[in-house]
Amino acid sequence: MKNPRYQQTLRPVCITGTGSFVPDRIMTNQDLEKIVDTTDQWILDRTGIRERRIAGEQEFTSTMGAEAARRALADAGVSPEEVDLIIVATITPDMVFPNTACYVQEAIGATHAFCFDLEAACSGFLYGLEVAEQFVSSGRVDTVLLIGAEKISSITDWSDRSLCILFGDGAGAAVIQSREDATGILASSLKSDGGLASLLQLPAGGSRLPASMETVAQKLHYMKMDGREVFKHAVTCMTTAAKDALSQCGLTMEDIALVIPHQANMRIIKAIGDRLGGDREKYFVNLDRYGNTSAASVIVALDEAARSGRLHPGDKVLMIAFGGGFVWGATILEWSKA
């Protein structure tokens, strides 16, 4: 008997709706001046960040993700009951288990979906997009709700002036479906290097180093980063991935209408722009308002770009990300949503 799973013809996959959410609370650089030894100008010069959003006590990764999801579904004209799969990309789940995607499912009423989380740090949305594409292109599901959501403030040491200035909270979501008339996702290049894991990590809280009085006292439940080394690898890896993705589909930077880089540091974005070339106006930046929102970074920027009129049907979009793991990647898609 032939296995029906292997009778499918691959279908074109595209984003049919986007949405995003950020908390109301704004923390400016001037606010940080009151917490740690820093200045607004110092932060701005070194990162390009002016302010970031901080979630409240009753705002979680799941609640932010659910609101972004509602907006994406509305944008796509899709009901929650039509969603077959929910993926939440995050490094700050509500808890170890159940997965955060199940909390989102309950919140939005997506009763027919199966759900799981995906952890690829700041590259989470691009990794999730690759997974979603496989499910939809194969015909296994018709509609995937892909969410990147983070409450980074919950794992931030607010006494560490090198790190607390960089991050913010927020969520973005995309509806992934097949459309007959869409070109969709053109290429992707995803890479990892576990040998660099120690450069950016949250040491405690897992099975390797369970929570104890000692881990709490040593602040091992907060992010740790070697900023200089991370900067160097981020620029090199994202540039290489972008060139690889361009090569796969025979495009150059002249063919790209918009670049959505991971919003981590303005110096990183500028360095990537120097290496890739192309018009700097093509690089979408909202880093100054939100800081680094990890897995939410790329999708929040993509949603804002779409809603602000920066994207038109047929535009080629290059998305690039890099995060702890190390994990990095680039994805090129042809925008199909009017």
# chains A, B, ... in the order shown; residues from 1 in each chain; ligands from 1
>>> residues_around(residues="Val131 (chain A)", least_positions_apart="4", cutoff="10 Å", atoms="only C-alpha atoms", output="ChimeraX atom specification")
/A:87,118,125-127,135-136,144,146
>>> residues_around(residues="Ala68 (chain A)", least_positions_apart="2", cutoff="6 Å", atoms="only C-alpha atoms", output="ChimeraX atom specification")
/A:19-21,65-66,70-71,172-173
>>> write_last_selection(atoms="C-alpha atoms", output="compact mmCIF listing (two decimals), in the first residue's frame")
# COMPACT_ATOMS: atom_id res chain seq x y z
CA GLY A 19 0.23 41.36 14.12
CA SER A 20 2.26 42.66 17.03
CA PHE A 21 1.89 43.83 20.61
CA GLY A 65 1.63 36.44 22.27
CA ALA A 66 -2.12 35.94 22.36
CA ARG A 70 -5.48 38.01 17.55
CA ARG A 71 -4.20 40.93 15.48
CA GLY A 172 4.66 39.43 17.08
CA ALA A 173 2.69 36.87 15.10
>>> residues_around(residues="Ser154 (chain A)", least_positions_apart="4", cutoff="9 Å", atoms="only C-alpha atoms", output="list in words")
Ala55, Thr92 and Tyr222 of chain A
>>> closest_residue(among="A:Ile147, A:Val22, A:Leu44, A:Leu251", to="Leu186 (chain A)", atoms="only C-alpha atoms")
A:Leu251
>>> residues_around(residues="Asp169 (chain A)", least_positions_apart="3", cutoff="10 Å", atoms="only C-alpha atoms", output="PyMOL selection string")
chain A and resi 21-23+25+52-56+59-61+64+149-154+290-294+296-297
>>> residues_around(residues="Ala242 (chain A)", least_positions_apart="6", cutoff="8 Å", atoms="only C-alpha atoms", output="list in words")
Ser189, Leu318, Ile320, Gly329, Ala330 and Thr331 of chain A
>>> closest_residue(among="A:Leu145, A:Met95, A:Ile256, A:Val298", to="Ala110 (chain A)", atoms="only C-alpha atoms")
A:Leu145
>>> closest_atom_pairs(of="region 221-309 of chain A", to="region 7-18 of chain A", cutoff="12 Å", atoms="only C-alpha atoms", output="Markdown table")
| residue | atom | partner | partner_atom | distance |
| --- | --- | --- | --- | --- |
| A:Val298 | CA | A:Thr18 | CA | 11.5 |
| A:Ile299 | CA | A:Thr18 | CA | 7.9 |
| A:Val300 | CA | A:Thr18 | CA | 8.6 |
| A:Ala301 | CA | A:Thr18 | CA | 10.3 |
| A:Leu302 | CA | A:Thr18 | CA | 7.9 |
| A:Asp303 | CA | A:Thr18 | CA | 5.4 |
| A:Glu304 | CA | A:Thr18 | CA | 8.9 |
| A:Ala305 | CA | A:Thr18 | CA | 10.2 |
| A:Ala306 | CA | A:Thr18 | CA | 8.1 |
| A:Arg307 | CA | A:Thr18 | CA | 8.8 |
>>> closest_residue(among="A:Pro98, A:Ser207, A:Ala257, A:Asp142", to="Arg179 (chain A)", atoms="only C-alpha atoms")
A:Asp142
>>> atom_distance(atom1="CA of Arg50 (chain A)", atom2="CA of Arg275 (chain A)")
25.5 Å
>>> residues_around(residues="Asp288 (chain A)", least_positions_apart="5", cutoff="7 Å", atoms="only C-alpha atoms", output="MDAnalysis selection string")
chainID A and resid 48:51
>>> select_by_dssp(residues="region 30-123 of chain A", states="helix (DSSP H, G or I)", output="number ranges by chain")
A: 30-33, 40-47, 61-76, 80-82, 100-108, 121-123
>>> write_last_selection(atoms="N, CA and C atoms", output="compact mmCIF listing (two decimals), in the first residue's frame")
# COMPACT_ATOMS: atom_id res chain seq x y z
N GLN A 30 16.78 57.59 30.16
CA GLN A 30 16.81 58.45 31.35
C GLN A 30 16.33 57.69 32.58
N ASP A 31 15.37 56.80 32.38
CA ASP A 31 14.91 55.96 33.50
C ASP A 31 16.04 55.04 33.97
N LEU A 32 16.81 54.53 33.03
CA LEU A 32 17.91 53.63 33.38
C LEU A 32 19.02 54.37 34.11
N GLU A 33 19.17 55.65 33.84
CA GLU A 33 20.17 56.46 34.54
C GLU A 33 19.95 56.44 36.05
N ASP A 40 22.06 58.44 29.04
CA ASP A 40 21.29 58.34 27.81
C ASP A 40 22.21 58.35 26.59
N GLN A 41 23.17 59.28 26.57
CA GLN A 41 24.04 59.41 25.41
C GLN A 41 24.94 58.20 25.24
N TRP A 42 25.42 57.64 26.36
CA TRP A 42 26.28 56.46 26.30
C TRP A 42 25.53 55.29 25.68
N ILE A 43 24.29 55.07 26.11
CA ILE A 43 23.47 53.98 25.57
C ILE A 43 23.18 54.21 24.09
N LEU A 44 22.79 55.43 23.77
CA LEU A 44 22.43 55.75 22.39
C LEU A 44 23.62 55.57 21.45
N ASP A 45 24.79 56.04 21.86
CA ASP A 45 25.98 55.94 21.02
C ASP A 45 26.39 54.50 20.77
N ARG A 46 26.23 53.66 21.76
CA ARG A 46 26.73 52.29 21.66
C ARG A 46 25.70 51.28 21.16
N THR A 47 24.42 51.63 21.24
CA THR A 47 23.40 50.65 20.86
C THR A 47 22.38 51.19 19.86
N THR A 61 4.52 36.15 28.64
CA THR A 61 4.81 35.82 27.25
C THR A 61 3.55 35.35 26.54
N SER A 62 2.75 34.55 27.21
CA SER A 62 1.52 34.01 26.59
C SER A 62 0.49 35.10 26.34
N THR A 63 0.31 36.03 27.26
CA THR A 63 -0.72 37.05 27.07
C THR A 63 -0.32 38.03 25.97
N MET A 64 0.96 38.37 25.91
CA MET A 64 1.43 39.23 24.82
C MET A 64 1.33 38.50 23.48
N GLY A 65 1.72 37.23 23.49
CA GLY A 65 1.63 36.44 22.27
C GLY A 65 0.21 36.28 21.79
N ALA A 66 -0.71 36.10 22.72
CA ALA A 66 -2.12 35.94 22.36
C ALA A 66 -2.67 37.21 21.71
N GLU A 67 -2.30 38.37 22.23
CA GLU A 67 -2.79 39.62 21.64
C GLU A 67 -2.21 39.83 20.25
N ALA A 68 -0.92 39.54 20.08
CA ALA A 68 -0.32 39.63 18.75
C ALA A 68 -1.01 38.65 17.79
N ALA A 69 -1.35 37.46 18.30
CA ALA A 69 -2.00 36.44 17.49
C ALA A 69 -3.38 36.92 17.03
N ARG A 70 -4.15 37.51 17.92
CA ARG A 70 -5.48 38.01 17.55
C ARG A 70 -5.37 39.03 16.42
N ARG A 71 -4.38 39.89 16.51
CA ARG A 71 -4.20 40.93 15.48
C ARG A 71 -3.77 40.32 14.15
N ALA A 72 -2.93 39.30 14.21
CA ALA A 72 -2.50 38.64 12.97
C ALA A 72 -3.66 37.89 12.31
N LEU A 73 -4.46 37.20 13.11
CA LEU A 73 -5.61 36.49 12.57
C LEU A 73 -6.60 37.45 11.93
N ALA A 74 -6.84 38.58 12.59
CA ALA A 74 -7.74 39.58 12.03
C ALA A 74 -7.20 40.12 10.71
N ASP A 75 -5.89 40.32 10.66
CA ASP A 75 -5.26 40.84 9.44
C ASP A 75 -5.39 39.84 8.29
N ALA A 76 -5.33 38.56 8.62
CA ALA A 76 -5.43 37.51 7.59
C ALA A 76 -6.87 37.14 7.27
N PRO A 80 -9.91 31.84 14.78
CA PRO A 80 -9.09 30.96 15.61
C PRO A 80 -9.38 29.48 15.36
N GLU A 81 -10.62 29.15 15.05
CA GLU A 81 -10.99 27.74 14.82
C GLU A 81 -10.35 27.18 13.56
N GLU A 82 -9.89 28.04 12.66
CA GLU A 82 -9.26 27.58 11.43
C GLU A 82 -7.77 27.26 11.60
N THR A 100 4.02 27.28 26.24
CA THR A 100 3.35 28.58 26.15
C THR A 100 2.31 28.59 25.04
N ALA A 101 2.56 27.84 23.97
CA ALA A 101 1.61 27.78 22.86
C ALA A 101 0.25 27.27 23.31
N CYS A 102 0.23 26.35 24.28
CA CYS A 102 -1.05 25.85 24.79
C CYS A 102 -1.81 26.95 25.53
N TYR A 103 -1.09 27.81 26.24
CA TYR A 103 -1.74 28.94 26.91
C TYR A 103 -2.31 29.92 25.88
N VAL A 104 -1.59 30.13 24.80
CA VAL A 104 -2.10 30.99 23.73
C VAL A 104 -3.34 30.37 23.10
N GLN A 105 -3.28 29.07 22.85
CA GLN A 105 -4.43 28.37 22.27
C GLN A 105 -5.69 28.60 23.09
N GLU A 106 -5.56 28.42 24.40
CA GLU A 106 -6.70 28.61 25.30
C GLU A 106 -7.20 30.05 25.26
N ALA A 107 -6.26 30.99 25.25
CA ALA A 107 -6.63 32.40 25.31
C ALA A 107 -7.39 32.87 24.07
N ILE A 108 -7.02 32.34 22.89
CA ILE A 108 -7.64 32.83 21.65
C ILE A 108 -8.75 31.91 21.14
N ALA A 121 16.32 31.17 20.52
CA ALA A 121 16.73 32.51 20.96
C ALA A 121 16.23 33.58 19.98
N CYS A 122 17.09 34.52 19.63
CA CYS A 122 16.68 35.64 18.78
C CYS A 122 16.38 35.23 17.35
N SER A 123 16.81 34.03 16.96
CA SER A 123 16.51 33.49 15.63
C SER A 123 15.22 32.69 15.61
>>> atom_distance(atom1="CA of Ile35 (chain A)", atom2="CA of Ala234 (chain A)")
28.3 Å
